[in-house]
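Peer 1: Below you will find the structure I want to go over with you.
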Amino acid sequence: MALFGSFSLILALVLCVYTLLSGALALRQLAVARPARFSPERLVETSRRAGIASFIAVTAAALALVYLSFTDNFSIDYILHHSNRALPKAYKFSALWSGQEGSLLLWAWLLAAYGFVLRMRHKVDVKLTAYASTILAGIQIFFLLLLNFAAHPFAVVPGPMPQDGFGLNPLLQYPEMVIHPPMLYLGYVGFSVPFAFALGALMMRYPGEKWIHITRRWTMVTWLFLTCGIFLGAHWAYSVLGWGGYWGWDPVENASFMPWLTGTAFLHSVMMQEKRGMMKSWNVWLIFATFMLTVLGTLLTRSGLVSSVHAFAQSSIGTWFWAFLLIVFLVCLFTYLRQRDHLKAENRLESIASRESSFLFNNLILLVACFCILWGTLFPVLSEYFQGSKVTVGAPFYNRVNLPIGLFLLLLTGIGPLLAWRSTSFRSVRKNFFIPVAAAVFTAVVLLIAGVHPWKDQATLFAYIAFVLAAFVGTAISSEFLRGASVIRRNTGQNLLASMVQLARRNTRRYGGYLVHFGVVIIFIGIAGAAFNQEKEQELGFNDAMTLGPYRMVCRSYTQDSNANFDTEYALLDVYDGRGHKIAQLAPEKRFYHASEQAATMVAINSTLARDLYVVYAGKNPETDRPIIKAFLNPLVNWIWIGVLVIIAGTFLALTPNLEAAVAHSRARNRVPLAAPATSGEVMAEP
Amino acid sequence: MRLQSKFSRGLVRTWFHVACLGLLVFALGSADPAARFNNLGHKMMCQCGCNQVLLECNHYGCPVSPQMRNELQAGLNRGDSDDLILQSFVQKYGAVVLAAPMRGGFDNVAWIVPIAAFLLATLGVAFLIQRWRRPSLASPSGAAGAAPPPGSVLDRIRKETDV
């Protein structure tokens, strides 16, 4: 099976090289319009088919590795180091991405899968898809070269096959770990597609903005995957690492957050190009930068350049990534310089008080946030270079630098939708801002009365500002919904809820976007709750009690257990609320995994909308043999996960066609049911 | 008039008292040993290799963090200032023990560059807005020539104000 996997990888590489070369040759022939021995249309078609075949080859290689993991074939070095016989089946599957080689194979497979979808949907625009397919093949070649020559997943262990493997990292033995990495990689890898479309459109001097519509859709899907991946990672960190938080500004977290920021900036600024024909160069560079940041993030953590709890061991593949990044940058720069006259803006800014300028500031803030994170991530390397000593750039730095930026962004989230395109009159500003500002002032006063004093410390100050801004933005978004819905209600006589649903369906992009913004507001409220965290550590014997906030925890028992995969120590704690009612029983535990000889925490959480009671089994006092329990009271954490669900719902809504467009489309289809599809050549000549 | 100035002086005096009280509360708060332990413990990293802030390291049987916490507590018991405690940790464990660059010199660059980047970017956007608002000699392609028919104007407006 290992041999089959190796051959599949070589075959995939050959097919991708063919896709790239034949695609490039055909597109060159089309560009110069010179008569050629082979028809460029046929060459493009063979290139497309080779690209599809490469997906089948990479899939075969990935399945081969999964099969080797499930059959405990420890003669394969990768399986030996990332699996063991007692490992549950689900985690044997996740072993595919738990190490360097496997995760690169997952990357290549996802890229091939995206390429497969893109090539199957080539009739959307045959020529542009041909460009994108060729560029994707170039990216795929890099990953297949890595897999074939630098990080081979099917390398064989010399000598006889070991009896058992070294096991999977205990931190990865958690249900979310089965979906978090693929989701994150779907986001990471997915940015290759909008990148390929943008670069292709620039190379062919694509007329009009149709490529923007295609790219925007791909970007939104990718952005959604990345968002889900990032927050699944945050939830995993919260549930597994046991330090009471969900975001530690680790370089790997930063690496995923940076392309998210630039991708978000692109999704906003691209509207300027669609609506006003502005910011064309900016958009092209934003999508280029987003793709390059995904590569840079991977480079940072896989080359050993920065230390991270997630980082793979230092390896030689860093050089490969540097070379790839350089090539990508040069190709982008060369293409841009050659074609930049194609990217001239069609319109000019008419007023500072306009939606356009709010997008500009939104882009400014998102990019500054991205730069600050990149700066913090790279600063230890710079410090070592300039002053010979490495420094740590941890959470205190990022919190101090990025929290004000985040709050400013939150403010813009509220201001943007209240401004009109082109220009907003003072009267309109006053009318639109009155209710949101009143809500913000009201919240500020209520918070003061409730005892949230911003002068207490920096964390409370930021939390106070976040709550006030959340009220402002939440009201701004709600009033936009209500204003539109009440017009529909007046005209149709429907109730308010039905009017709001109809409103959202009439302009899914706008109201989907508002819903996403609403999700962001909810997340900010959740993050602000961290300013009021409490924690306590105490040794507990039988029936000993520990009080934290409104909760009282009584230790009913503590014991040990064992199975084939791990030994465990845990405590059983009854949790009572302020009125003395038992509300839950929590069982925090510590596990010790046999194969990897590593320990892991299993946190017990009692979660409500107001707060989480987060309990960690910190260890045993060797003198008394009694457990030491560490408990955290984390207010509003659930709001973060709810906010993510709202963002997902908003993105789905934004991806849905408008009601009128969908009806028109279905009418058109019913009217011309047997219309012959255009041939490749015809469509190719069209744009 | 005199009543008004009396009122103003009273207001200033009240604000002065409030400010003094605030400073006092802040100073007392920062002198609390538990608060100082918490504050300093969050300014340092555990050196066991877990990449976590000292007071957030919860590794099972971590060989380093309990010792570091004891050293921190000992420093506070001795009555050392925050700076002295941090300095003694840097001497023992190296600059990587600090959770953020704060030794002065090149470390300041870490804090200055983000602010500079923000200011430069703001200036850049302001410049961009200024340039875009300046009327150009060459008319934009859409506006060239005769005025477009009313239908296309309506279409354009619809397109531009759709979202």
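Chain labels run A, B, ... following the order of the structure tokens; each chain numbers its residues from 1, and ligands are numbered from 1 in the order shown.
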What lies within 12 Å of Gln52 of chain B using only C-alpha atoms, ignoring chain neighbours under 5 positions off, as an mmCIF file with C-alpha atoms, in the first residue's frame?

Peer 2:
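As written to disk, out.cif reads:
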data_model
loop_
_atom_site.group_PDB
_atom_site.id
_atom_site.type_symbol
_atom_site.label_atom_id
_atom_site.label_comp_id
_atom_site.auth_asym_id
_atom_site.auth_seq_id
_atom_site.Cartn_x
_atom_site.Cartn_y
_atom_site.Cartn_z
ATOM 1 C CA LEU A 241 -5.282 23.113 27.235
ATOM 2 C CA GLY A 242 -6.726 23.927 30.641
ATOM 3 C CA TRP A 243 -5.357 27.427 31.138
ATOM 4 C CA GLY A 244 -8.801 28.962 31.124
ATOM 5 C CA GLY A 245 -8.468 30.927 27.883
ATOM 6 C CA TRP A 247 -6.663 32.517 22.441
ATOM 7 C CA GLY A 248 -2.983 32.673 23.376
ATOM 8 C CA TRP A 249 -1.502 34.609 20.423
ATOM 9 C CA ASP A 250 0.637 31.614 19.583
ATOM 10 C CA SER A 307 8.778 28.661 18.515
ATOM 11 C CA SER A 308 5.211 27.554 19.034
ATOM 12 C CA VAL A 309 3.357 24.858 20.903
ATOM 13 C CA THR A 392 9.270 36.631 23.815
ATOM 14 C CA VAL A 393 6.358 38.461 22.284
ATOM 15 C CA GLY A 394 3.355 37.028 24.065
ATOM 16 C CA ALA A 395 -0.227 37.857 24.928
ATOM 17 C CA PRO A 396 0.512 41.116 26.835
ATOM 18 C CA GLY B 41 3.064 36.508 37.069
ATOM 19 C CA HIS B 42 1.240 37.543 33.915
ATOM 20 C CA LYS B 43 4.244 39.518 32.673
ATOM 21 C CA MET B 44 6.459 36.429 32.595
ATOM 22 C CA MET B 45 6.509 33.172 30.674
ATOM 23 C CA CYS B 46 6.951 29.701 32.104
ATOM 24 C CA GLN B 47 10.340 28.369 31.054
ATOM 25 C CA CYS B 57 1.072 27.150 32.943
ATOM 26 C CA ASN B 58 -0.800 24.117 34.203
ATOM 27 C CA HIS B 59 1.391 21.294 32.961
ATOM 28 C CA CYS B 62 5.699 21.030 35.481
ATOM 29 C CA VAL B 64 9.718 24.849 36.335
ATOM 30 C CA SER B 65 6.600 26.936 37.048
ATOM 31 C CA VAL B 96 12.757 35.253 26.928
ATOM 32 C CA VAL B 97 11.266 35.097 30.426
ATOM 33 C CA LEU B 98 9.457 38.395 29.846
ATOM 34 C CA ALA B 99 6.086 37.918 28.150
#

Peer 1: At a cut-off of 8 Å, can you tabulate as JSON lines every residue of chain A near chain B together with its closest atom pair and the distance in Å to one decimal, using only C-alpha atoms and ordering rows by chain then number?

Peer 2:
{"residue": "A:Gly242", "atom": "CA", "partner": "B:Asn58", "partner_atom": "CA", "distance": 6.9}
{"residue": "A:Trp243", "atom": "CA", "partner": "B:Glu56", "partner_atom": "CA", "distance": 5.3}
{"residue": "A:Gly244", "atom": "CA", "partner": "B:Glu56", "partner_atom": "CA", "distance": 7.9}
{"residue": "A:Gly248", "atom": "CA", "partner": "B:Gln52", "partner_atom": "CA", "distance": 7.9}
{"residue": "A:Lys275", "atom": "CA", "partner": "B:Glu160", "partner_atom": "CA", "distance": 4.5}
{"residue": "A:Arg276", "atom": "CA", "partner": "B:Glu160", "partner_atom": "CA", "distance": 6.3}
{"residue": "A:Ser308", "atom": "CA", "partner": "B:Asn51", "partner_atom": "CA", "distance": 6.8}
{"residue": "A:Val309", "atom": "CA", "partner": "B:Cys50", "partner_atom": "CA", "distance": 6.4}
{"residue": "A:Glu346", "atom": "CA", "partner": "B:Pro140", "partner_atom": "CA", "distance": 5.6}
{"residue": "A:Asn347", "atom": "CA", "partner": "B:Pro140", "partner_atom": "CA", "distance": 6.3}
{"residue": "A:Arg348", "atom": "CA", "partner": "B:Trp132", "partner_atom": "CA", "distance": 5.1}
{"residue": "A:Leu349", "atom": "CA", "partner": "B:Arg133", "partner_atom": "CA", "distance": 5.2}
{"residue": "A:Glu350", "atom": "CA", "partner": "B:Arg133", "partner_atom": "CA", "distance": 6.1}
{"residue": "A:Ser351", "atom": "CA", "partner": "B:Arg133", "partner_atom": "CA", "distance": 7.5}
{"residue": "A:Ile352", "atom": "CA", "partner": "B:Ile129", "partner_atom": "CA", "distance": 7.6}
{"residue": "A:Ser357", "atom": "CA", "partner": "B:Ile129", "partner_atom": "CA", "distance": 7.7}
{"residue": "A:Leu360", "atom": "CA", "partner": "B:Val125", "partner_atom": "CA", "distance": 7.0}
{"residue": "A:Phe361", "atom": "CA", "partner": "B:Val125", "partner_atom": "CA", "distance": 7.4}
{"residue": "A:Leu364", "atom": "CA", "partner": "B:Ala121", "partner_atom": "CA", "distance": 6.4}
{"residue": "A:Ile365", "atom": "CA", "partner": "B:Phe118", "partner_atom": "CA", "distance": 8.0}
{"residue": "A:Val368", "atom": "CA", "partner": "B:Phe118", "partner_atom": "CA", "distance": 6.0}
{"residue": "A:Phe371", "atom": "CA", "partner": "B:Pro114", "partner_atom": "CA", "distance": 7.6}
{"residue": "A:Cys372", "atom": "CA", "partner": "B:Pro114", "partner_atom": "CA", "distance": 5.5}
{"residue": "A:Trp375", "atom": "CA", "partner": "B:Ala110", "partner_atom": "CA", "distance": 7.7}
{"residue": "A:Gly376", "atom": "CA", "partner": "B:Ala110", "partner_atom": "CA", "distance": 7.2}
{"residue": "A:Phe379", "atom": "CA", "partner": "B:Ala110", "partner_atom": "CA", "distance": 6.8}
{"residue": "A:Ser383", "atom": "CA", "partner": "B:Phe106", "partner_atom": "CA", "distance": 7.5}
{"residue": "A:Gln387", "atom": "CA", "partner": "B:Phe106", "partner_atom": "CA", "distance": 7.5}
{"residue": "A:Ser389", "atom": "CA", "partner": "B:Ala95", "partner_atom": "CA", "distance": 7.2}
{"residue": "A:Lys390", "atom": "CA", "partner": "B:Val96", "partner_atom": "CA", "distance": 6.2}
{"residue": "A:Val391", "atom": "CA", "partner": "B:Val96", "partner_atom": "CA", "distance": 4.5}
{"residue": "A:Thr392", "atom": "CA", "partner": "B:Val96", "partner_atom": "CA", "distance": 4.9}
{"residue": "A:Val393", "atom": "CA", "partner": "B:Ala100", "partner_atom": "CA", "distance": 4.7}
{"residue": "A:Gly394", "atom": "CA", "partner": "B:Ala99", "partner_atom": "CA", "distance": 5.0}
{"residue": "A:Ala395", "atom": "CA", "partner": "B:Ala99", "partner_atom": "CA", "distance": 7.1}
{"residue": "A:Pro396", "atom": "CA", "partner": "B:Ala100", "partner_atom": "CA", "distance": 6.1}
{"residue": "A:Phe397", "atom": "CA", "partner": "B:Ala100", "partner_atom": "CA", "distance": 5.4}
{"residue": "A:Val401", "atom": "CA", "partner": "B:Pro114", "partner_atom": "CA", "distance": 7.4}
{"residue": "A:Ala420", "atom": "CA", "partner": "B:Thr161", "partner_atom": "CA", "distance": 7.8}
{"residue": "A:Trp421", "atom": "CA", "partner": "B:Thr161", "partner_atom": "CA", "distance": 6.2}
{"residue": "A:Lys456", "atom": "CA", "partner": "B:Phe26", "partner_atom": "CA", "distance": 7.7}
{"residue": "A:Asn507", "atom": "CA", "partner": "B:Val163", "partner_atom": "CA", "distance": 7.9}
{"residue": "A:Arg509", "atom": "CA", "partner": "B:Val163", "partner_atom": "CA", "distance": 7.1}
{"residue": "A:Arg510", "atom": "CA", "partner": "B:Val163", "partner_atom": "CA", "distance": 5.4}
{"residue": "A:Lys590", "atom": "CA", "partner": "B:Tyr60", "partner_atom": "CA", "distance": 7.9}
{"residue": "A:Ala599", "atom": "CA", "partner": "B:Tyr60", "partner_atom": "CA", "distance": 6.7}
{"residue": "A:Ala600", "atom": "CA", "partner": "B:Tyr60", "partner_atom": "CA", "distance": 7.6}
{"residue": "A:Ala618", "atom": "CA", "partner": "B:Asn58", "partner_atom": "CA", "distance": 6.7}
{"residue": "A:Gly619", "atom": "CA", "partner": "B:Tyr60", "partner_atom": "CA", "distance": 6.3}

Peer 1: With only C-alpha atoms as the basis for distance, which of A:Val637, A:Ala31, A:Val616, A:Leu43 is at the shortest distance from Leu572 of chain A?

Peer 2: A:Val616

Peer 1: Figure out the distance between atom CA of Leu11 of chain A and atom CA of Leu65 of chain A, please, to one decimal in Å.

Peer 2: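 A separation of 16.0 Å between them.
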
Peer 1: Compile the contact shell of Leu105 of chain A as a list in words: residues with an atom at most 7 Å away, counting only C-alpha atoms, same-chain residues fewer than 3 positions apart removed.

Peer 2: Ala62, Glu101, Gly102, Ala108, Trp109 and Leu147 of chain A

Peer 1: Output C-alpha atoms of each residue in that selection to a file, as a PDB file, in the first residue's frame.

Peer 2:
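out-v9.pdb was written with the following content:
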ATOM      1  CA  ALA A  62      -4.289  10.154   0.968  1.00  0.00           C
ATOM      2  CA  GLU A 101       4.195  14.872   6.071  1.00  0.00           C
ATOM      3  CA  GLY A 102       0.557  13.928   6.614  1.00  0.00           C
ATOM      4  CA  ALA A 108      -2.197  18.769  -1.414  1.00  0.00           C
ATOM      5  CA  TRP A 109      -5.408  16.745  -1.357  1.00  0.00           C
ATOM      6  CA  LEU A 147       5.773  15.362  -0.718  1.00  0.00           C
TER       7      LEU A 147
END

Peer 1: When DSSP works through the backbone of this structure, what residues of segment 406-605 of chain A end up as alpha helix (DSSP H), shown as a VMD selection string?

Peer 2: chain A and resid 406 to 415 426 to 450 458 to 492 496 to 506 508 to 528

Peer 1: Need the shell around Met1 of chain A: protein/DNA/RNA residues with any atom at most 9 Å away, counting only C-alpha atoms. Skip same-chain ones fewer than 6 positions apart. Format as JSON, numbers by chain?

Peer 2: {"A": [64, 65, 67, 68]}

Peer 1: For atom CA of Leu403 of chain A and atom CA of Met258 of chain A, quote the distance in Å rounded to one decimal.

Peer 2: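 Taking atom CA of Leu403 of chain A and atom CA of Met258 of chain A, their separation equals 15.3 Å.
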